[in-house]
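Quick notes on the structure that follows.
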Amino acid sequence: METQEGSASKPVIDFHGIDEELIQKMAYDALVWSSLHGLVVGDKSVQRSGKVPGAGMVHAPFALLPVAFPENHWKSACEVAPVFNELIDRVSLDGNFLQDSLSRTKKVDVFTSRLLDIHSKVLEMNKTEDIRLGLHRSDYMLDEQTKLLLHIEINTISSSFPGLSCLVSDLHRSLLKRYGEHLGSDSKRIPSNTTVNRFADALAKAWTEYNNPRAAVMVVVQPEEHNMYDQHWLCAALKEKHNVTAIRKTLAEIDKEGELLPDGTLLVGGQAIAVVYFRTGYAPTDYPSEAEWRARLLMEQSLAIKCPSISYHLAGTKKIQQELAKPNVLERFLENKEDITKLQKCFAGLWSLDDSDIVKRAIERPELFVMKPQREGGGNNIYGDDVKENLLRLQREGNEEDAAYILMQRIFPIVSPMFLVRNGTCHKDHAVSELGVYSAYLRNKDKVIINDQCGYLMRTKVSSSNEGGVAAGFAVLDSMYLT
Ligand SMILES: Nc1ncnc2c1ncn2[C@@H]1O[C@H](COP(=O)(O)OP(=O)(O)OP(=O)(O)O)[C@@H](O)[C@H]1O
Ligand SMILES: [Mg+2]
């Protein structure tokens with residue numbers, strides 16, 4: 001493997017020598033700042049907090065200080081973001097590639113199979129999505145040994161924290177302004193983070209392309225959502241900057257209140273919908289009954305702009321990620337050789353389980369691999385000895401269940417001491433960090449209107465935890481200090 005330049009991330013300050021009193025003072029100020037500036041989530045211990053705004057709020061879990069991150073890696077992740085956007089768009093247009101690549105998975109994974117059924121129905125309708133909107137987040141880890149910034153995955157549905165990530169950057173900037181002299185650090189080295197405004201701009205531009213001034217943006221939400229403030233920040237920016245109204249509906253409500261007009265217009269509760277923005281719908285639990293599946297199909301059949309469309313959703317599955325990493329596959333979708341090289345440089349090892357050599361190796365050295373099903377939302381991946389046990393079980397059973405999974409090279413980021421703040425308490429732990437780069441893509445037929453990176457999210461988790469989700473309780477929100 002080729003080695004990129006740049007030192008592995010080190011803590012922004014020397015945590016070993018730091019004065020405990022100073023830490024507690026900073027943590028207190030950070031908690032006040034979070035409460036005053038809306039860096040909050042619903043408090044799960046308060047019953048109505050997932051339903052009623054303002055009822056039961058707690059600060060979002062955060063790292064007290066930003067994590068040091070090499071500037072050259074940050075720049076290359078930004079540069080590659082438009083290439084990933086273009087790739088997803090091209091892949092989404094190749095219905096056969098999506099169906100064929102997922103055909104074995106379809107047989108053993110009911111959830112993916114249902115998504116593919118919707119995709120097939122849309123293909124049968126010969127429906128083309130002229131206006132296509134992607135609000136993505138590509139996640140990366142910096143591998144300590146090789147110093148490579150390796151891509152974990154691209155999220156094409158419900159990329160979370162476009163709102164709160166900006167606030168964490170602001171919080172850290174404010175702390176470094178106040179305490180920078182004591183810490184020997186400079187707040188200007190935290191890059192500006194404008195994700196929330198850039199995502200709002202993209203939603204507004206998509207709304208403009210739809211060209212119906214009376215239509216609204218619809219945020220599709222879970223019936224209970226403890227991360228609602230992240231979503232409200234985005235909707236507030238959409239209203240304040242662009243005067244575009246957003247409504248919130250669950251899949252069950254859309255099933256009840258939704259209808260299609262003969263011209264394809266989607267009405268929900270009588271309201272015309274220009275853009276459907278999904279913040280749910282990525283996990284089997286989001287579809288507890290047929291009602292939710294009917295709602296998904298209804299939206300897909302409509303003229304509304306779907307963020308994401310079923311094709312974009314499928315293009316972001318782990319199986320497709322693995323297929324795209326095979327030799328000569330990127331060439332099917334992208335012409336520019338430099339772009340292809342940029343993508344390949346950040347791909348980690350990815351394999352299908354029908355590769356018997358790699359399965360053998362993973363059974364011998366399971367700690368070097370991650371086994372992944374076609375799921376989103378965290379908590380589903382398999383690590384360590386469980387990889388070995390599952391692979392042996394699949395071999396014994398000899399059925400097609402292996403098609404539900406992919407294998408990925410395990411990435412080992414640098415472990416550093418960090419201060420993590422949860423539920424009003426700050427504690428020190430050994431942690432690793434993961435970079436998320438937001439990007440937006442909007443096109444109308446041949447006209448690419450937006451194709452750019454939009455900002456970032458750092459997530460930091462204790463090094464003993466395998467998974468990275470903040471909402472799932474594994475990680476805290478963080479920002480970066482460029483070195
Ligand atoms: N190859 C890997 N090496 C090390 N850690 C990994 C690897 N792949 C995933 N992880 C960890 O597991 C987390 C979840 O993985 P992944 O993003 O593939 O699953 P997901 O369910 O789609 O999560 P998300 O909700 O963040 O999209 C990552 O954020 C990362 O912390
Ligand atoms: Mg994901």
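Here's how to read the names in the structure tokens: chain A, B, ... by the order shown, residue numbers from 1 in each chain, ligand numbers from 1 in the order shown.
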Practice problem: For range 178-185 of chain A, please output as a PyMOL selection string all residues within 12 Å (counting only C-alpha atoms; exclusion window: fewer than 3 positions along the same chain). | Solution: chain A and resi 11-15+17-19+22-23+25-27+29-30+64-68+171-175+188-190+481-483
Store the residues picked out above, limited to N, CA and C atoms, as a PDB file, in the first residue's frame.
```
ATOM      1  N   PRO A  11      -3.402  14.264  20.180  1.00  0.00           N
ATOM      2  CA  PRO A  11      -4.346  15.149  20.870  1.00  0.00           C
ATOM      3  C   PRO A  11      -3.934  16.598  20.699  1.00  0.00           C
ATOM      4  N   VAL A  12      -4.916  17.506  20.701  1.00  0.00           N
ATOM      5  CA  VAL A  12      -4.616  18.903  20.449  1.00  0.00           C
ATOM      6  C   VAL A  12      -3.714  19.488  21.533  1.00  0.00           C
ATOM      7  N   ILE A  13      -3.849  18.980  22.725  1.00  0.00           N
ATOM      8  CA  ILE A  13      -2.951  19.407  23.796  1.00  0.00           C
ATOM      9  C   ILE A  13      -2.448  18.168  24.512  1.00  0.00           C
ATOM     10  N   ASP A  14      -1.440  18.364  25.309  1.00  0.00           N
ATOM     11  CA  ASP A  14      -0.898  17.231  26.047  1.00  0.00           C
ATOM     12  C   ASP A  14      -1.792  16.944  27.255  1.00  0.00           C
ATOM     13  N   PHE A  15      -2.611  15.921  27.130  1.00  0.00           N
ATOM     14  CA  PHE A  15      -3.588  15.626  28.177  1.00  0.00           C
ATOM     15  C   PHE A  15      -2.937  15.126  29.463  1.00  0.00           C
ATOM     16  N   GLY A  17      -0.329  16.367  31.025  1.00  0.00           N
ATOM     17  CA  GLY A  17       0.112  17.423  31.932  1.00  0.00           C
ATOM     18  C   GLY A  17      -1.007  18.371  32.337  1.00  0.00           C
ATOM     19  N   ILE A  18      -2.192  18.156  31.881  1.00  0.00           N
ATOM     20  CA  ILE A  18      -3.216  19.180  32.062  1.00  0.00           C
ATOM     21  C   ILE A  18      -3.781  19.216  33.482  1.00  0.00           C
ATOM     22  N   ASP A  19      -4.030  20.425  33.919  1.00  0.00           N
ATOM     23  CA  ASP A  19      -4.521  20.688  35.259  1.00  0.00           C
ATOM     24  C   ASP A  19      -5.998  20.273  35.367  1.00  0.00           C
ATOM     25  N   LEU A  22      -8.558  23.058  35.570  1.00  0.00           N
ATOM     26  CA  LEU A  22      -8.829  23.715  34.282  1.00  0.00           C
ATOM     27  C   LEU A  22      -9.825  22.894  33.464  1.00  0.00           C
ATOM     28  N   ILE A  23      -9.650  21.588  33.458  1.00  0.00           N
ATOM     29  CA  ILE A  23     -10.571  20.707  32.723  1.00  0.00           C
ATOM     30  C   ILE A  23     -11.998  20.874  33.234  1.00  0.00           C
ATOM     31  N   LYS A  25     -13.295  23.379  34.790  1.00  0.00           N
ATOM     32  CA  LYS A  25     -13.773  24.731  34.453  1.00  0.00           C
ATOM     33  C   LYS A  25     -14.244  24.774  32.992  1.00  0.00           C
ATOM     34  N   MET A  26     -13.438  24.182  32.122  1.00  0.00           N
ATOM     35  CA  MET A  26     -13.798  24.161  30.698  1.00  0.00           C
ATOM     36  C   MET A  26     -15.065  23.345  30.479  1.00  0.00           C
ATOM     37  N   ALA A  27     -15.161  22.203  31.172  1.00  0.00           N
ATOM     38  CA  ALA A  27     -16.331  21.344  31.004  1.00  0.00           C
ATOM     39  C   ALA A  27     -17.591  22.094  31.436  1.00  0.00           C
ATOM     40  N   ASP A  29     -18.046  25.375  31.441  1.00  0.00           N
ATOM     41  CA  ASP A  29     -18.350  26.384  30.413  1.00  0.00           C
ATOM     42  C   ASP A  29     -18.947  25.737  29.168  1.00  0.00           C
ATOM     43  N   ALA A  30     -18.432  24.568  28.817  1.00  0.00           N
ATOM     44  CA  ALA A  30     -18.918  23.874  27.610  1.00  0.00           C
ATOM     45  C   ALA A  30     -20.375  23.445  27.795  1.00  0.00           C
ATOM     46  N   LEU A  64     -14.569  17.266  24.832  1.00  0.00           N
ATOM     47  CA  LEU A  64     -14.308  18.594  25.387  1.00  0.00           C
ATOM     48  C   LEU A  64     -13.447  19.437  24.455  1.00  0.00           C
ATOM     49  N   LEU A  65     -12.510  18.809  23.759  1.00  0.00           N
ATOM     50  CA  LEU A  65     -11.600  19.558  22.892  1.00  0.00           C
ATOM     51  C   LEU A  65     -11.533  18.892  21.520  1.00  0.00           C
ATOM     52  N   PRO A  66     -11.222  19.672  20.484  1.00  0.00           N
ATOM     53  CA  PRO A  66     -11.165  19.086  19.143  1.00  0.00           C
ATOM     54  C   PRO A  66     -10.014  18.098  19.017  1.00  0.00           C
ATOM     55  N   VAL A  67     -10.141  17.193  18.062  1.00  0.00           N
ATOM     56  CA  VAL A  67      -9.087  16.210  17.849  1.00  0.00           C
ATOM     57  C   VAL A  67      -8.142  16.735  16.763  1.00  0.00           C
ATOM     58  N   ALA A  68      -6.849  16.553  16.981  1.00  0.00           N
ATOM     59  CA  ALA A  68      -5.883  17.003  15.983  1.00  0.00           C
ATOM     60  C   ALA A  68      -6.008  16.143  14.739  1.00  0.00           C
ATOM     61  N   LEU A 171     -18.571  25.420  19.444  1.00  0.00           N
ATOM     62  CA  LEU A 171     -18.273  25.237  20.875  1.00  0.00           C
ATOM     63  C   LEU A 171     -16.760  25.168  21.091  1.00  0.00           C
ATOM     64  N   HIS A 172     -16.091  24.366  20.269  1.00  0.00           N
ATOM     65  CA  HIS A 172     -14.642  24.202  20.441  1.00  0.00           C
ATOM     66  C   HIS A 172     -13.903  25.499  20.145  1.00  0.00           C
ATOM     67  N   ARG A 173     -14.387  26.214  19.153  1.00  0.00           N
ATOM     68  CA  ARG A 173     -13.749  27.495  18.827  1.00  0.00           C
ATOM     69  C   ARG A 173     -13.889  28.444  20.022  1.00  0.00           C
ATOM     70  N   SER A 174     -15.068  28.447  20.597  1.00  0.00           N
ATOM     71  CA  SER A 174     -15.314  29.334  21.741  1.00  0.00           C
ATOM     72  C   SER A 174     -14.422  28.943  22.932  1.00  0.00           C
ATOM     73  N   LEU A 175     -14.257  27.651  23.178  1.00  0.00           N
ATOM     74  CA  LEU A 175     -13.401  27.215  24.297  1.00  0.00           C
ATOM     75  C   LEU A 175     -11.938  27.576  24.050  1.00  0.00           C
ATOM     76  N   LYS A 188      -8.277  29.370  15.387  1.00  0.00           N
ATOM     77  CA  LYS A 188      -8.406  29.482  13.927  1.00  0.00           C
ATOM     78  C   LYS A 188      -8.071  28.176  13.205  1.00  0.00           C
ATOM     79  N   ARG A 189      -7.474  27.254  13.924  1.00  0.00           N
ATOM     80  CA  ARG A 189      -7.120  25.981  13.268  1.00  0.00           C
ATOM     81  C   ARG A 189      -8.296  24.990  13.247  1.00  0.00           C
ATOM     82  N   ILE A 190      -9.427  25.420  13.768  1.00  0.00           N
ATOM     83  CA  ILE A 190     -10.642  24.602  13.624  1.00  0.00           C
ATOM     84  C   ILE A 190     -11.344  25.075  12.348  1.00  0.00           C
ATOM     85  N   TYR A 481      -8.942  19.914  14.801  1.00  0.00           N
ATOM     86  CA  TYR A 481      -7.922  20.942  14.936  1.00  0.00           C
ATOM     87  C   TYR A 481      -6.839  20.591  13.919  1.00  0.00           C
ATOM     88  N   LEU A 482      -6.718  21.427  12.896  1.00  0.00           N
ATOM     89  CA  LEU A 482      -5.804  21.056  11.799  1.00  0.00           C
ATOM     90  C   LEU A 482      -4.346  21.191  12.213  1.00  0.00           C
ATOM     91  N   THR A 483      -3.572  20.165  11.854  1.00  0.00           N
ATOM     92  CA  THR A 483      -2.134  20.192  12.180  1.00  0.00           C
ATOM     93  C   THR A 483      -1.334  20.040  10.897  1.00  0.00           C
TER      94      THR A 483
END
```
Quiz prompt | Spatial neighbours of Val462 in chain A, 9 Å, only C-alpha atoms, chain gap at least 4 places, as a PyMOL selection string | solution = chain A and resi 415+418+420+429-433+466+474-475
Please produce a file of those selected residues containing C-alpha atoms, as a short mmCIF file (atom, residue, chain, number, x, y, z; two decimals), in the first residue's frame.
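Written out: part.cif:
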```cif
data_model
loop_
_atom_site.label_atom_id
_atom_site.label_comp_id
_atom_site.auth_asym_id
_atom_site.auth_seq_id
_atom_site.Cartn_x
_atom_site.Cartn_y
_atom_site.Cartn_z
CA VAL A 415 -5.68 5.76 20.25
CA MET A 418 -9.49 12.41 25.38
CA LEU A 420 -15.62 12.98 26.77
CA ASP A 429 -10.73 7.85 28.32
CA HIS A 430 -8.67 6.31 25.56
CA ALA A 431 -10.47 7.10 22.33
CA VAL A 432 -10.32 6.98 18.55
CA SER A 433 -11.80 9.44 16.08
CA ASN A 466 -16.24 -1.14 17.86
CA PHE A 474 -21.25 4.61 21.15
CA ALA A 475 -19.59 7.91 20.31
#
```
Quiz item: What is the distance, in Å and to one decimal place, between CA of Gly378 in chain A and CA of Asn155 in chain A?
Solution: 11.7 Å
Self-check item: Nearby residues, ligand 1, 8 Å, only C-alpha atoms and all ligand atoms, as a PyMOL selection string
Solution: chain A and resi 139+141+152-155+159+318+348+369-370+372+375-381+408-413+434+461+466-469
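CA of Ser138 in chain A to CA of Tyr456 in chain A spans 9.3 Å [interatomic distance, one decimal].
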Quiz item: Residues at most 12 Å from Leu98 in chain A, counting only C-alpha atoms, excluding those fewer than 3 positions away in the same chain, as a VMD selection string?
Solution: chain A and resid 88 90 to 95 101 to 106 112 to 113 115 to 117 119 to 120 123 310 to 321 323 to 324
Write the residues of the preceding selection, restricted to N, CA and C atoms, as a JSON list (two decimals), in the first residue's frame.
```json
[["chain", "number", "residue", "atom", "x", "y", "z"],
["A", 88, "ILE", "N", -22.06, 8.04, -7.11],
["A", 88, "ILE", "CA", -23.38, 7.59, -6.62],
["A", 88, "ILE", "C", -24.44, 7.90, -7.68],
["A", 90, "ARG", "N", -24.10, 8.22, -10.95],
["A", 90, "ARG", "CA", -23.96, 7.33, -12.12],
["A", 90, "ARG", "C", -24.45, 5.92, -11.79],
["A", 91, "VAL", "N", -24.07, 5.44, -10.61],
["A", 91, "VAL", "CA", -24.48, 4.08, -10.22],
["A", 91, "VAL", "C", -26.00, 4.02, -10.11],
["A", 92, "SER", "N", -26.59, 5.09, -9.58],
["A", 92, "SER", "CA", -28.06, 5.09, -9.39],
["A", 92, "SER", "C", -28.80, 4.95, -10.72],
["A", 93, "LEU", "N", -28.16, 5.37, -11.79],
["A", 93, "LEU", "CA", -28.83, 5.32, -13.11],
["A", 93, "LEU", "C", -28.74, 3.93, -13.74],
["A", 94, "ASP", "N", -27.86, 3.08, -13.19],
["A", 94, "ASP", "CA", -27.66, 1.76, -13.79],
["A", 94, "ASP", "C", -28.49, 0.72, -13.00],
["A", 95, "GLY", "N", -29.77, 0.67, -13.33],
["A", 95, "GLY", "CA", -30.70, -0.21, -12.61],
["A", 95, "GLY", "C", -30.27, -1.66, -12.65],
["A", 101, "SER", "N", -26.06, -6.81, -8.81],
["A", 101, "SER", "CA", -25.10, -6.89, -7.70],
["A", 101, "SER", "C", -25.78, -7.35, -6.42],
["A", 102, "LEU", "N", -27.05, -7.00, -6.27],
["A", 102, "LEU", "CA", -27.74, -7.34, -5.02],
["A", 102, "LEU", "C", -28.62, -8.59, -5.15],
["A", 103, "SER", "N", -28.52, -9.27, -6.30],
["A", 103, "SER", "CA", -29.46, -10.38, -6.54],
["A", 103, "SER", "C", -29.29, -11.54, -5.54],
["A", 104, "ARG", "N", -28.07, -11.87, -5.16],
["A", 104, "ARG", "CA", -27.88, -12.95, -4.19],
["A", 104, "ARG", "C", -28.28, -12.48, -2.79],
["A", 105, "THR", "N", -27.95, -11.24, -2.49],
["A", 105, "THR", "CA", -28.32, -10.67, -1.18],
["A", 105, "THR", "C", -29.84, -10.68, -1.03],
["A", 106, "LYS", "N", -30.51, -10.38, -2.12],
["A", 106, "LYS", "CA", -31.99, -10.32, -2.12],
["A", 106, "LYS", "C", -32.62, -11.61, -1.60],
["A", 112, "THR", "N", -33.42, -5.80, 2.31],
["A", 112, "THR", "CA", -32.86, -5.39, 1.01],
["A", 112, "THR", "C", -33.80, -5.81, -0.12],
["A", 113, "SER", "N", -34.41, -6.98, 0.04],
["A", 113, "SER", "CA", -35.32, -7.49, -0.96],
["A", 113, "SER", "C", -36.53, -6.55, -1.16],
["A", 115, "LEU", "N", -36.55, -3.33, -0.56],
["A", 115, "LEU", "CA", -36.07, -2.11, -1.24],
["A", 115, "LEU", "C", -35.92, -2.38, -2.74],
["A", 116, "LEU", "N", -35.40, -3.57, -3.06],
["A", 116, "LEU", "CA", -35.22, -3.92, -4.47],
["A", 116, "LEU", "C", -36.56, -4.06, -5.20],
["A", 117, "ASP", "N", -37.58, -4.53, -4.48],
["A", 117, "ASP", "CA", -38.91, -4.64, -5.09],
["A", 117, "ASP", "C", -39.43, -3.26, -5.50],
["A", 119, "HIS", "N", -37.57, -0.70, -6.13],
["A", 119, "HIS", "CA", -36.71, -0.29, -7.25],
["A", 119, "HIS", "C", -37.20, -0.92, -8.56],
["A", 120, "SER", "N", -37.56, -2.22, -8.52],
["A", 120, "SER", "CA", -38.04, -2.90, -9.72],
["A", 120, "SER", "C", -39.33, -2.26, -10.24],
["A", 123, "LEU", "N", -38.51, 0.80, -12.02],
["A", 123, "LEU", "CA", -37.90, 0.49, -13.32],
["A", 123, "LEU", "C", -38.99, 0.12, -14.33],
["A", 310, "ILE", "N", -34.88, 5.72, -4.25],
["A", 310, "ILE", "CA", -34.58, 4.31, -3.94],
["A", 310, "ILE", "C", -33.24, 3.91, -4.58],
["A", 311, "SER", "N", -32.95, 4.47, -5.75],
["A", 311, "SER", "CA", -31.67, 4.12, -6.42],
["A", 311, "SER", "C", -30.47, 4.67, -5.65],
["A", 312, "TYR", "N", -30.58, 5.89, -5.16],
["A", 312, "TYR", "CA", -29.49, 6.44, -4.35],
["A", 312, "TYR", "C", -29.33, 5.62, -3.07],
["A", 313, "HIS", "N", -30.47, 5.24, -2.48],
["A", 313, "HIS", "CA", -30.42, 4.44, -1.25],
["A", 313, "HIS", "C", -29.65, 3.14, -1.51],
["A", 314, "LEU", "N", -30.04, 2.44, -2.58],
["A", 314, "LEU", "CA", -29.38, 1.16, -2.89],
["A", 314, "LEU", "C", -27.91, 1.35, -3.26],
["A", 315, "ALA", "N", -27.61, 2.46, -3.93],
["A", 315, "ALA", "CA", -26.22, 2.72, -4.32],
["A", 315, "ALA", "C", -25.33, 2.90, -3.10],
["A", 316, "GLY", "N", -25.93, 3.19, -1.95],
["A", 316, "GLY", "CA", -25.15, 3.38, -0.73],
["A", 316, "GLY", "C", -25.06, 2.13, 0.13],
["A", 317, "THR", "N", -25.54, 0.99, -0.37],
["A", 317, "THR", "CA", -25.46, -0.23, 0.46],
["A", 317, "THR", "C", -24.03, -0.76, 0.48],
["A", 318, "LYS", "N", -23.76, -1.56, 1.49],
["A", 318, "LYS", "CA", -22.40, -2.07, 1.67],
["A", 318, "LYS", "C", -22.02, -3.04, 0.56],
["A", 319, "LYS", "N", -23.00, -3.77, 0.06],
["A", 319, "LYS", "CA", -22.71, -4.70, -1.04],
["A", 319, "LYS", "C", -22.27, -3.92, -2.29],
["A", 320, "ILE", "N", -22.94, -2.83, -2.58],
["A", 320, "ILE", "CA", -22.56, -2.03, -3.75],
["A", 320, "ILE", "C", -21.17, -1.41, -3.53],
["A", 321, "GLN", "N", -20.92, -0.96, -2.30],
["A", 321, "GLN", "CA", -19.58, -0.44, -1.98],
["A", 321, "GLN", "C", -18.52, -1.48, -2.31],
["A", 323, "GLU", "N", -18.80, -4.08, -4.38],
["A", 323, "GLU", "CA", -18.73, -4.33, -5.83],
["A", 323, "GLU", "C", -17.92, -3.23, -6.53],
["A", 324, "LEU", "N", -18.09, -1.99, -6.07],
["A", 324, "LEU", "CA", -17.39, -0.87, -6.69],
["A", 324, "LEU", "C", -15.89, -0.93, -6.44]]
```
Taking only C-alpha atoms into account, produce a table as a Markdown table in which each residue of range 130-173 of chain A with an atom at most 9 Å from an atom of range 337-345 of chain A appears once, together with its shortest atom pair and the distance in Å to one decimal, ordered by chain and rising number.
```
| residue | atom | partner | partner_atom | distance |
| --- | --- | --- | --- | --- |
| A:Leu148 | CA | A:Lys345 | CA | 8.4 |
| A:Leu149 | CA | A:Lys345 | CA | 8.6 |
| A:Leu150 | CA | A:Lys345 | CA | 8.0 |
| A:His151 | CA | A:Leu343 | CA | 8.9 |
```
Exercise. Run DSSP on the backbone and give me the residues of range 86-253 of chain A it puts in helix (DSSP H, G or I), as JSON, numbers by chain.
Key: {"A": [86, 87, 88, 89, 90, 91, 92, 93, 95, 96, 97, 98, 99, 100, 101, 103, 104, 105, 106, 107, 108, 110, 111, 112, 113, 114, 115, 116, 117, 118, 119, 120, 121, 122, 123, 124, 164, 165, 166, 167, 168, 169, 170, 171, 172, 173, 174, 175, 176, 177, 178, 179, 180, 181, 182, 183, 187, 188, 189, 195, 196, 197, 198, 199, 200, 201, 202, 203, 204, 205, 206, 207, 208, 209, 210, 228, 229, 230, 231, 232, 233, 234, 235, 236, 237, 238, 239, 240, 241, 242, 251, 252, 253]}
Grab the residues selected above and save them as a short mmCIF file (atom, residue, chain, number, x, y, z; two decimals), in the first residue's frame with C-alpha atoms.
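Dumped everything to result32.cif:
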```cif
data_model
loop_
_atom_site.label_atom_id
_atom_site.label_comp_id
_atom_site.auth_asym_id
_atom_site.auth_seq_id
_atom_site.Cartn_x
_atom_site.Cartn_y
_atom_site.Cartn_z
CA GLU A 86 -20.83 11.79 -9.14
CA LEU A 87 -20.19 8.07 -8.66
CA ILE A 88 -23.38 7.59 -6.62
CA ASP A 89 -25.35 9.45 -9.27
CA ARG A 90 -23.96 7.33 -12.12
CA VAL A 91 -24.48 4.08 -10.22
CA SER A 92 -28.06 5.09 -9.39
CA LEU A 93 -28.83 5.32 -13.11
CA GLY A 95 -30.70 -0.21 -12.61
CA ASN A 96 -29.32 -3.51 -13.87
CA PHE A 97 -26.05 -3.06 -12.01
CA LEU A 98 -27.94 -2.43 -8.76
CA GLN A 99 -30.32 -5.37 -9.27
CA ASP A 100 -27.60 -7.79 -10.43
CA SER A 101 -25.10 -6.89 -7.70
CA SER A 103 -29.46 -10.38 -6.54
CA ARG A 104 -27.88 -12.95 -4.19
CA THR A 105 -28.32 -10.67 -1.18
CA LYS A 106 -31.99 -10.32 -2.12
CA LYS A 107 -32.57 -14.02 -1.54
CA VAL A 108 -31.40 -13.95 2.07
CA VAL A 110 -35.75 -9.53 3.47
CA PHE A 111 -35.13 -5.84 4.04
CA THR A 112 -32.86 -5.39 1.01
CA SER A 113 -35.32 -7.49 -0.96
CA ARG A 114 -38.17 -5.09 -0.16
CA LEU A 115 -36.07 -2.11 -1.24
CA LEU A 116 -35.22 -3.92 -4.47
CA ASP A 117 -38.91 -4.64 -5.09
CA ILE A 118 -39.65 -0.92 -4.95
CA HIS A 119 -36.71 -0.29 -7.25
CA SER A 120 -38.04 -2.90 -9.72
CA LYS A 121 -41.48 -1.32 -9.71
CA VAL A 122 -39.99 2.06 -10.53
CA LEU A 123 -37.90 0.49 -13.32
CA GLU A 124 -41.06 -1.11 -14.74
CA LEU A 164 -25.24 19.67 15.57
CA SER A 165 -21.82 19.11 13.95
CA CYS A 166 -21.59 22.86 13.18
CA LEU A 167 -22.40 23.69 16.78
CA VAL A 168 -19.64 21.43 18.11
CA SER A 169 -17.13 23.26 15.91
CA ASP A 170 -18.47 26.57 17.31
CA LEU A 171 -18.27 25.24 20.88
CA HIS A 172 -14.64 24.20 20.44
CA ARG A 173 -13.75 27.49 18.83
CA SER A 174 -15.31 29.33 21.74
CA LEU A 175 -13.40 27.21 24.30
CA LEU A 176 -10.09 27.69 22.50
CA LYS A 177 -10.68 31.44 22.33
CA ARG A 178 -11.20 31.49 26.07
CA TYR A 179 -8.59 28.94 27.11
CA GLY A 180 -6.23 28.83 24.12
CA GLU A 181 -3.43 30.58 25.97
CA HIS A 182 -3.44 27.94 28.70
CA LEU A 183 -3.66 25.16 26.15
CA SER A 187 -9.01 28.57 17.59
CA LYS A 188 -8.41 29.48 13.93
CA ARG A 189 -7.12 25.98 13.27
CA THR A 195 -22.91 21.98 6.79
CA VAL A 196 -26.29 23.11 8.06
CA ASN A 197 -26.41 26.11 5.73
CA ARG A 198 -25.05 24.18 2.77
CA PHE A 199 -27.60 21.40 3.22
CA ALA A 200 -30.36 24.03 3.59
CA ASP A 201 -29.11 25.70 0.38
CA ALA A 202 -29.24 22.36 -1.44
CA LEU A 203 -32.77 21.59 -0.21
CA ALA A 204 -33.86 25.12 -1.21
CA LYS A 205 -32.28 24.85 -4.67
CA ALA A 206 -33.98 21.49 -5.20
CA TRP A 207 -37.27 23.05 -4.09
CA THR A 208 -36.70 25.85 -6.64
CA GLU A 209 -36.06 23.33 -9.42
CA TYR A 210 -39.35 21.60 -8.59
CA MET A 228 -34.95 16.00 16.47
CA TYR A 229 -33.02 19.20 17.23
CA ASP A 230 -30.39 18.31 14.63
CA GLN A 231 -33.25 18.12 12.11
CA HIS A 232 -34.92 21.29 13.41
CA TRP A 233 -31.68 23.23 12.94
CA LEU A 234 -31.73 22.33 9.27
CA CYS A 235 -35.42 23.19 8.84
CA ALA A 236 -34.89 26.50 10.66
CA ALA A 237 -32.07 27.41 8.24
CA LEU A 238 -34.31 26.45 5.32
CA LYS A 239 -37.08 28.75 6.57
CA GLU A 240 -34.89 31.65 7.69
CA LYS A 241 -32.51 31.76 4.73
CA HIS A 242 -34.85 30.65 1.95
CA LEU A 251 -44.09 6.89 7.25
CA ALA A 252 -47.38 5.77 8.86
CA GLU A 253 -48.80 9.29 8.52
#
```
Quiz prompt | Atom pair CA of Val275 in chain A / CA of Val41 in chain A: separation (Å) | solution = 25.1 Å
Quiz item: Nearest to ligand 2 among A:Val359, A:Ala81, A:Ala274, A:Ile157, with distances taken over only C-alpha atoms and all ligand atoms: which residue is it?
Solution: A:Ile157
Which of range 14-243 of chain A fall in strand (DSSP E), as a short mmCIF file (atom, residue, chain, number, x, y, z; two decimals) with C-alpha atoms, in the first residue's frame:
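The result, stored in selection.cif:
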```cif
data_model
loop_
_atom_site.label_atom_id
_atom_site.label_comp_id
_atom_site.auth_asym_id
_atom_site.auth_seq_id
_atom_site.Cartn_x
_atom_site.Cartn_y
_atom_site.Cartn_z
CA VAL A 40 -28.99 19.36 22.50
CA VAL A 41 -30.79 16.05 22.03
CA GLY A 42 -33.93 14.58 23.61
CA MET A 57 -33.53 18.16 26.62
CA VAL A 58 -29.96 17.25 27.45
CA HIS A 59 -26.70 18.42 25.88
CA PHE A 62 -19.37 15.84 22.98
CA ALA A 63 -15.60 15.76 23.25
CA VAL A 67 -9.09 16.21 17.85
CA ALA A 68 -5.88 17.00 15.98
CA PHE A 69 -6.12 16.05 12.33
CA ILE A 131 -34.05 16.17 -10.58
CA ARG A 132 -31.74 14.26 -8.27
CA LEU A 133 -30.66 15.40 -4.82
CA GLY A 134 -28.06 13.69 -2.62
CA LEU A 135 -27.13 14.84 0.88
CA HIS A 136 -24.37 12.41 1.76
CA ARG A 137 -21.77 11.81 4.42
CA SER A 138 -18.60 9.86 3.72
CA ASP A 139 -16.95 8.43 6.83
CA TYR A 140 -13.19 7.88 7.16
CA MET A 141 -10.64 6.61 9.62
CA LEU A 142 -6.95 7.44 9.58
CA LEU A 149 -7.10 7.97 5.30
CA LEU A 150 -9.41 5.06 4.54
CA HIS A 151 -13.04 5.26 3.56
CA ILE A 152 -15.47 3.45 5.86
CA GLU A 153 -18.58 4.05 3.78
CA ILE A 154 -20.78 6.68 2.16
CA ASN A 155 -24.17 7.28 3.74
CA ALA A 216 -43.26 22.15 0.85
CA VAL A 217 -40.24 20.12 1.86
CA MET A 218 -41.31 17.03 3.83
CA VAL A 219 -38.95 15.57 6.44
CA VAL A 220 -39.77 11.89 6.93
CA VAL A 221 -39.20 11.19 10.61
#
```
